[in-house]
file upload-v7.pdb (PDB, C-alpha atoms)
ATOM      1  CA  MET X   1     -21.070 -18.276   6.690
ATOM      2  CA  PRO X   2     -20.716 -16.292   3.442
ATOM      3  CA  ASP X   3     -17.137 -15.263   2.613
ATOM      4  CA  ASP X   4     -18.040 -11.581   2.485
ATOM      5  CA  VAL X   5     -19.414 -11.651   6.039
ATOM      6  CA  LEU X   6     -16.146 -13.117   7.325
ATOM      7  CA  ALA X   7     -14.072 -10.723   5.194
ATOM      8  CA  GLY X   8     -16.086  -7.716   6.353
ATOM      9  CA  HIS X   9     -15.636  -8.479  10.044
ATOM     10  CA  LEU X  10     -11.930  -9.231   9.641
ATOM     11  CA  GLN X  11     -11.461  -5.988   7.738
ATOM     12  CA  GLU X  12     -13.266  -4.018  10.437
ATOM     13  CA  LEU X  13     -10.932  -5.485  13.037
ATOM     14  CA  ARG X  14      -7.845  -4.614  10.977
ATOM     15  CA  ARG X  15      -8.977  -1.144   9.924
ATOM     16  CA  GLY X  16      -8.549   0.439  13.324
ATOM     17  CA  THR X  17      -4.964  -0.754  13.610
ATOM     18  CA  VAL X  18      -3.645   0.721  10.363
ATOM     19  CA  VAL X  19      -3.286   4.274  11.726
ATOM     20  CA  MET X  20      -1.414   2.937  14.746
ATOM     21  CA  ALA X  21       0.887   0.814  12.585
ATOM     22  CA  ALA X  22       1.563   3.708  10.166
ATOM     23  CA  LEU X  23       2.341   6.194  12.960
ATOM     24  CA  ALA X  24       4.640   3.673  14.672
ATOM     25  CA  THR X  25       6.581   3.166  11.435
ATOM     26  CA  LEU X  26       6.833   6.850  10.572
ATOM     27  CA  SER X  27       9.091   7.765  13.477
ATOM     28  CA  ARG X  28      11.655   7.887  10.667
ATOM     29  CA  PRO X  29      10.845   9.680   7.383
ATOM     30  CA  THR X  30       9.506   7.182   4.867
ATOM     31  CA  TYR X  31       7.845   7.477   1.468
ATOM     32  CA  GLY X  32       4.538   5.833   0.692
ATOM     33  CA  TYR X  33       5.708   2.767  -1.134
ATOM     34  CA  ALA X  34       8.435   1.945   1.395
ATOM     35  CA  LEU X  35       5.852   2.304   4.163
ATOM     36  CA  LEU X  36       3.565  -0.140   2.338
ATOM     37  CA  GLU X  37       6.414  -2.663   2.246
ATOM     38  CA  THR X  38       7.389  -2.189   5.887
ATOM     39  CA  LEU X  39       3.782  -2.638   6.955
ATOM     40  CA  ALA X  40       3.383  -5.739   4.787
ATOM     41  CA  ASP X  41       6.584  -7.231   6.267
ATOM     42  CA  ALA X  42       5.212  -6.615   9.740
ATOM     43  CA  GLY X  43       1.987  -8.407   8.837
ATOM     44  CA  PHE X  44      -0.217  -5.437   7.870
ATOM     45  CA  ALA X  45      -1.215  -6.041   4.293
ATOM     46  CA  VAL X  46      -2.589  -2.579   3.469
ATOM     47  CA  ASP X  47      -3.782  -1.671   0.037
ATOM     48  CA  ALA X  48      -2.129   1.339  -1.638
ATOM     49  CA  ASN X  49      -5.637   2.702  -2.329
ATOM     50  CA  THR X  50      -6.236   2.663   1.407
ATOM     51  CA  LEU X  51      -2.840   3.836   2.584
ATOM     52  CA  TYR X  52      -2.206   6.833   0.331
ATOM     53  CA  PRO X  53      -5.480   8.651   1.106
ATOM     54  CA  LEU X  54      -4.927   7.786   4.783
ATOM     55  CA  LEU X  55      -1.497   9.456   4.739
ATOM     56  CA  ARG X  56      -3.004  12.596   3.222
ATOM     57  CA  ARG X  57      -5.778  12.589   5.814
ATOM     58  CA  LEU X  58      -3.301  12.196   8.678
ATOM     59  CA  GLU X  59      -1.193  15.041   7.295
ATOM     60  CA  LYS X  60      -4.280  17.249   7.058
ATOM     61  CA  GLN X  61      -5.021  16.423  10.712
ATOM     62  CA  GLY X  62      -1.511  17.570  11.637
ATOM     63  CA  LEU X  63      -0.433  14.082  12.691
ATOM     64  CA  LEU X  64       2.178  13.719   9.946
ATOM     65  CA  THR X  65       4.453  16.178   8.221
ATOM     66  CA  SER X  66       5.781  15.639   4.724
ATOM     67  CA  GLU X  67       8.742  16.781   2.685
ATOM     68  CA  TRP X  68       9.747  16.188  -0.923
ATOM     69  CA  ASN X  69      13.115  14.573  -1.417
ATOM     70  CA  THR X  70      14.367  15.601  -4.846
ATOM     71  CA  GLU X  71      17.929  14.375  -4.492
ATOM     72  CA  GLU X  72      17.285  11.121  -6.278
ATOM     73  CA  SER X  73      16.219  10.746  -9.900
ATOM     74  CA  ARG X  74      12.581  10.380  -8.911
ATOM     75  CA  PRO X  75      11.220  12.912  -6.403
ATOM     76  CA  ARG X  76       9.470  11.263  -3.496
ATOM     77  CA  LYS X  77       7.312  12.600  -0.723
ATOM     78  CA  PHE X  78       8.580  11.508   2.680
ATOM     79  CA  TYR X  79       6.181  11.394   5.607
ATOM     80  CA  ARG X  80       7.123  11.604   9.236
ATOM     81  CA  VAL X  81       5.145  11.606  12.467
ATOM     82  CA  SER X  82       4.572  15.067  14.051
ATOM     83  CA  PRO X  83       4.597  15.722  17.816
ATOM     84  CA  ASP X  84       0.778  15.493  17.768
ATOM     85  CA  GLY X  85       1.029  12.238  15.833
ATOM     86  CA  GLN X  86       3.468  10.861  18.393
ATOM     87  CA  SER X  87       1.074  11.786  21.159
ATOM     88  CA  LEU X  88      -1.816  10.100  19.309
ATOM     89  CA  LEU X  89       0.331   7.009  18.776
ATOM     90  CA  GLU X  90       0.971   6.766  22.506
ATOM     91  CA  SER X  91      -2.762   7.062  23.243
ATOM     92  CA  LEU X  92      -3.569   4.385  20.638
ATOM     93  CA  LEU X  93      -0.936   2.000  22.000
ATOM     94  CA  ALA X  94      -2.238   2.476  25.549
ATOM     95  CA  GLU X  95      -5.819   1.840  24.363
ATOM     96  CA  TRP X  96      -4.627  -1.199  22.412
ATOM     97  CA  GLN X  97      -3.024  -2.675  25.534
ATOM     98  CA  GLU X  98      -6.278  -2.171  27.416
ATOM     99  CA  LEU X  99      -8.316  -3.767  24.635
ATOM    100  CA  HIS X 100      -5.910  -6.679  24.545
ATOM    101  CA  ALA X 101      -6.254  -7.210  28.288
ATOM    102  CA  SER X 102     -10.055  -6.991  27.994
ATOM    103  CA  ILE X 103     -10.175  -9.554  25.196
ATOM    104  CA  GLU X 104      -8.002 -11.921  27.188
ATOM    105  CA  LYS X 105     -10.427 -11.553  30.089
ATOM    106  CA  LEU X 106     -13.433 -12.477  27.924
ATOM    107  CA  ARG X 107     -12.093 -15.393  25.913
TER     108      ARG X 107
ATOM    109  CA  MET R   1      -4.370  17.948  18.565
ATOM    110  CA  PRO R   2      -8.154  18.632  18.599
ATOM    111  CA  ASP R   3     -10.109  16.371  20.944
ATOM    112  CA  ASP R   4     -12.319  15.086  18.160
ATOM    113  CA  VAL R   5      -9.311  13.858  16.168
ATOM    114  CA  LEU R   6      -8.075  11.855  19.150
ATOM    115  CA  ALA R   7     -11.580  10.580  19.931
ATOM    116  CA  GLY R   8     -12.164   9.574  16.298
ATOM    117  CA  HIS R   9      -8.997   7.515  16.069
ATOM    118  CA  LEU R  10      -9.565   5.855  19.428
ATOM    119  CA  GLN R  11     -13.111   4.994  18.429
ATOM    120  CA  GLU R  12     -11.933   3.481  15.146
ATOM    121  CA  LEU R  13      -9.517   1.286  17.061
ATOM    122  CA  ARG R  14     -12.238   0.141  19.458
ATOM    123  CA  ARG R  15     -14.967  -0.363  16.873
ATOM    124  CA  GLY R  16     -13.441  -3.456  15.318
ATOM    125  CA  THR R  17     -13.201  -5.218  18.653
ATOM    126  CA  VAL R  18     -16.840  -4.921  19.689
ATOM    127  CA  VAL R  19     -18.058  -7.798  17.504
ATOM    128  CA  MET R  20     -15.314 -10.030  18.859
ATOM    129  CA  ALA R  21     -16.106  -9.093  22.460
ATOM    130  CA  ALA R  22     -19.851  -9.615  21.943
ATOM    131  CA  LEU R  23     -19.422 -13.027  20.301
ATOM    132  CA  ALA R  24     -17.010 -14.122  23.038
ATOM    133  CA  THR R  25     -19.546 -13.188  25.707
ATOM    134  CA  LEU R  26     -22.528 -14.767  23.975
ATOM    135  CA  SER R  27     -21.307 -18.341  24.335
ATOM    136  CA  ARG R  28     -24.024 -18.359  26.988
ATOM    137  CA  PRO R  29     -27.471 -16.888  26.252
ATOM    138  CA  THR R  30     -27.584 -13.285  27.402
ATOM    139  CA  TYR R  31     -30.035 -10.416  26.929
ATOM    140  CA  GLY R  32     -28.944  -7.062  25.611
ATOM    141  CA  TYR R  33     -28.700  -5.122  28.829
ATOM    142  CA  ALA R  34     -26.794  -7.862  30.649
ATOM    143  CA  LEU R  35     -24.400  -8.049  27.710
ATOM    144  CA  LEU R  36     -23.831  -4.287  27.919
ATOM    145  CA  GLU R  37     -22.910  -4.680  31.586
ATOM    146  CA  THR R  38     -20.613  -7.654  31.027
ATOM    147  CA  LEU R  39     -18.819  -5.793  28.248
ATOM    148  CA  ALA R  40     -18.472  -2.663  30.378
ATOM    149  CA  ASP R  41     -17.052  -4.730  33.262
ATOM    150  CA  ALA R  42     -14.507  -6.223  30.879
ATOM    151  CA  GLY R  43     -13.448  -2.747  29.754
ATOM    152  CA  PHE R  44     -15.608  -2.382  26.610
ATOM    153  CA  ALA R  45     -17.757   0.637  27.215
ATOM    154  CA  VAL R  46     -20.250   0.153  24.376
ATOM    155  CA  ASP R  47     -23.198   2.440  23.904
ATOM    156  CA  ALA R  48     -26.661   0.805  23.844
ATOM    157  CA  ASN R  49     -27.325   2.677  20.602
ATOM    158  CA  THR R  50     -24.346   0.893  19.101
ATOM    159  CA  LEU R  51     -24.842  -2.517  20.653
ATOM    160  CA  TYR R  52     -28.532  -3.162  20.001
ATOM    161  CA  PRO R  53     -28.411  -2.539  16.244
ATOM    162  CA  LEU R  54     -25.188  -4.575  16.135
ATOM    163  CA  LEU R  55     -26.928  -7.545  17.767
ATOM    164  CA  ARG R  56     -29.732  -7.361  15.199
ATOM    165  CA  ARG R  57     -27.178  -7.156  12.377
ATOM    166  CA  LEU R  58     -25.252 -10.170  13.691
ATOM    167  CA  GLU R  59     -28.485 -12.140  13.991
ATOM    168  CA  LYS R  60     -29.403 -11.233  10.407
ATOM    169  CA  GLN R  61     -25.987 -12.480   9.310
ATOM    170  CA  GLY R  62     -26.682 -15.802  11.049
ATOM    171  CA  LEU R  63     -23.942 -15.270  13.621
ATOM    172  CA  LEU R  64     -26.322 -15.097  16.572
ATOM    173  CA  THR R  65     -29.601 -16.781  17.349
ATOM    174  CA  SER R  66     -32.205 -15.292  19.643
ATOM    175  CA  GLU R  67     -35.033 -16.532  21.788
ATOM    176  CA  TRP R  68     -37.615 -14.755  23.910
ATOM    177  CA  ASN R  69     -37.645 -15.724  27.534
ATOM    178  CA  THR R  70     -41.133 -15.064  28.856
ATOM    179  CA  GLU R  71     -40.804 -16.846  32.179
ATOM    180  CA  GLU R  72     -40.031 -13.701  34.103
ATOM    181  CA  SER R  73     -42.348 -10.747  34.535
ATOM    182  CA  ARG R  74     -40.675  -8.860  31.721
ATOM    183  CA  PRO R  75     -40.049 -10.797  28.480
ATOM    184  CA  ARG R  76     -36.463 -10.529  27.321
ATOM    185  CA  LYS R  77     -34.760 -11.481  24.111
ATOM    186  CA  PHE R  78     -31.742 -13.698  24.775
ATOM    187  CA  TYR R  79     -28.981 -13.840  22.205
ATOM    188  CA  ARG R  80     -26.516 -16.656  21.783
ATOM    189  CA  VAL R  81     -23.675 -17.319  19.367
ATOM    190  CA  SER R  82     -24.490 -19.694  16.463
ATOM    191  CA  PRO R  83     -22.025 -22.245  15.030
ATOM    192  CA  ASP R  84     -21.182 -19.723  12.276
ATOM    193  CA  GLY R  85     -20.700 -17.050  14.924
ATOM    194  CA  GLN R  86     -18.390 -19.344  16.869
ATOM    195  CA  SER R  87     -16.371 -19.944  13.738
ATOM    196  CA  LEU R  88     -16.184 -16.185  13.058
ATOM    197  CA  LEU R  89     -15.104 -15.593  16.653
ATOM    198  CA  GLU R  90     -12.231 -18.039  16.239
ATOM    199  CA  SER R  91     -11.134 -16.306  13.030
ATOM    200  CA  LEU R  92     -11.298 -12.895  14.713
ATOM    201  CA  LEU R  93      -9.308 -14.081  17.734
ATOM    202  CA  ALA R  94      -6.645 -15.587  15.478
ATOM    203  CA  GLU R  95      -6.447 -12.357  13.473
ATOM    204  CA  TRP R  96      -6.296 -10.362  16.691
ATOM    205  CA  GLN R  97      -3.316 -12.403  17.920
ATOM    206  CA  GLU R  98      -1.540 -11.760  14.618
ATOM    207  CA  LEU R  99      -2.284  -8.038  14.795
ATOM    208  CA  HIS R 100      -1.015  -7.950  18.351
ATOM    209  CA  ALA R 101       2.236  -9.647  17.339
ATOM    210  CA  SER R 102       2.607  -7.243  14.402
ATOM    211  CA  ILE R 103       2.095  -4.183  16.586
ATOM    212  CA  GLU R 104       4.636  -5.458  19.076
ATOM    213  CA  LYS R 105       7.106  -5.872  16.207
ATOM    214  CA  LEU R 106       6.627  -2.258  15.055
ATOM    215  CA  ARG R 107       6.649  -0.365  18.342
TER     216      ARG R 107
END
call {"tool": "encode", "arguments": {"input": "upload-v7.pdb", "output": "structure tokens"}}
result
Amino acid sequence: MPDDVLAGHLQELRRGTVVMAALATLSRPTYGYALLETLADAGFAVDANTLYPLLRRLEKQGLLTSEWNTEESRPRKFYRVSPDGQSLLESLLAEWQELHASIEKLR
Amino acid sequence: MPDDVLAGHLQELRRGTVVMAALATLSRPTYGYALLETLADAGFAVDANTLYPLLRRLEKQGLLTSEWNTEESRPRKFYRVSPDGQSLLESLLAEWQELHASIEKLR
């Protein structure tokens, strides 16, 4: 099997989980780079070129709010989950549990 | 939160699992419609308009083989996982377990 076929299918499986992982982490205000590191530590190796546009898209959808912190030498934009984002997270986690149960049934 | 935002994110989460569910089911030769029903019973409501092109794509990638069964009144194309498909399935299941552990860590 060509490497790119394997990589493509693995990526498709991972892609859907990134929003869920980001929302779960952003229950406390976090800036982009710190979020990248937290996700990587938890086993979600997300590319910055994937994550940063995703954060902007989620903010535009009203699922995240953001605020600039200018207290430190370098201003950073902190993201945090909104009430709508929290509600989406709960729906995604419930769906994930169902998918997990379904996969266990099939394997 | 608009319904289409919720639906979009849920669909993205589900999308990546369909290949895994299909490969897991096709360890025994199955025709498209029967596969649809098995998946639906297991909790994967997949649309025929999604599944049939997916089966053709997986066959093109060498992950499935197919054979026409003409013994019954209506000829049906039976799909079955190939050795490459079996190997992909194992990779996807391993990745899925890791994702599941990662999500549990974050929530």
call {"tool": "resolve_selection", "arguments": {"input": "upload-v7.pdb", "expression": "the PyMOL selection byres ((chain X and resi 13) around 10)", "output": "list in words"}}
result
Ala7, Gly8, His9, Leu10, Gln11, Glu12, Arg14, Arg15, Gly16, Thr17 and Val18 of chain X; Glu12, Leu13, Arg14, Arg15, Gly16, Thr17, Val18, Val19, Met20, Leu92, Leu93, Glu95, Trp96 and Leu99 of chain R
call {"tool": "write_last_selection", "arguments": {"input": "upload-v7.pdb", "atoms": "C-alpha atoms", "output": "PDB file, in the frame of the given file"}}
result
ATOM      1  CA  ALA X   7     -14.072 -10.723   5.194  1.00  0.00           C
ATOM      2  CA  GLY X   8     -16.086  -7.716   6.353  1.00  0.00           C
ATOM      3  CA  HIS X   9     -15.636  -8.479  10.044  1.00  0.00           C
ATOM      4  CA  LEU X  10     -11.930  -9.231   9.641  1.00  0.00           C
ATOM      5  CA  GLN X  11     -11.461  -5.988   7.738  1.00  0.00           C
ATOM      6  CA  GLU X  12     -13.266  -4.018  10.437  1.00  0.00           C
ATOM      7  CA  ARG X  14      -7.845  -4.614  10.977  1.00  0.00           C
ATOM      8  CA  ARG X  15      -8.977  -1.144   9.924  1.00  0.00           C
ATOM      9  CA  GLY X  16      -8.549   0.439  13.324  1.00  0.00           C
ATOM     10  CA  THR X  17      -4.964  -0.754  13.610  1.00  0.00           C
ATOM     11  CA  VAL X  18      -3.645   0.721  10.363  1.00  0.00           C
TER      12      VAL X  18
ATOM     13  CA  GLU R  12     -11.933   3.481  15.146  1.00  0.00           C
ATOM     14  CA  LEU R  13      -9.517   1.286  17.061  1.00  0.00           C
ATOM     15  CA  ARG R  14     -12.238   0.141  19.458  1.00  0.00           C
ATOM     16  CA  ARG R  15     -14.967  -0.363  16.873  1.00  0.00           C
ATOM     17  CA  GLY R  16     -13.441  -3.456  15.318  1.00  0.00           C
ATOM     18  CA  THR R  17     -13.201  -5.218  18.653  1.00  0.00           C
ATOM     19  CA  VAL R  18     -16.840  -4.921  19.689  1.00  0.00           C
ATOM     20  CA  VAL R  19     -18.058  -7.798  17.504  1.00  0.00           C
ATOM     21  CA  MET R  20     -15.314 -10.030  18.859  1.00  0.00           C
ATOM     22  CA  LEU R  92     -11.298 -12.895  14.713  1.00  0.00           C
ATOM     23  CA  LEU R  93      -9.308 -14.081  17.734  1.00  0.00           C
ATOM     24  CA  GLU R  95      -6.447 -12.357  13.473  1.00  0.00           C
ATOM     25  CA  TRP R  96      -6.296 -10.362  16.691  1.00  0.00           C
ATOM     26  CA  LEU R  99      -2.284  -8.038  14.795  1.00  0.00           C
TER      27      LEU R  99
END
call {"tool": "atom_distance", "arguments": {"input": "upload-v7.pdb", "atom1": "CA of Ala94 in chain X", "atom2": "CA of Leu23 in chain X"}}
result
13.9 Å
call {"tool": "interface_residues", "arguments": {"input": "upload-v7.pdb", "of": "chain X", "to": "chain R", "cutoff": "7 Å", "atoms": "all atoms listed in the file", "output": "ChimeraX atom specification"}}
result
/X:1,6,10,12-13,16-17,21,24-25,42-43,84,88,92,102-103,105-107
call {"tool": "atom_distance", "arguments": {"input": "upload-v7.pdb", "atom1": "CA of Tyr33 in chain X", "atom2": "CA of Lys77 in chain X"}}
result
10.0 Å
call {"tool": "residues_near_point", "arguments": {"input": "upload-v7.pdb", "point": "(8.9, 10.4, 2.0)", "cutoff": "9 Å", "atoms": "only C-alpha atoms", "output": "PyMOL selection string"}}
result
chain X and resi 29-35+66-69+76-80
call {"tool": "atom_distance", "arguments": {"input": "upload-v7.pdb", "atom1": "CA of Asp47 in chain R", "atom2": "CA of Glu59 in chain R"}}
result
18.4 Å
call {"tool": "closest_residue", "arguments": {"input": "upload-v7.pdb", "among": "X:Ser82, X:Asp3, X:Glu90, X:Leu36", "to": "Leu54 in chain X", "atoms": "all atoms listed in the file"}}
result
X:Leu36
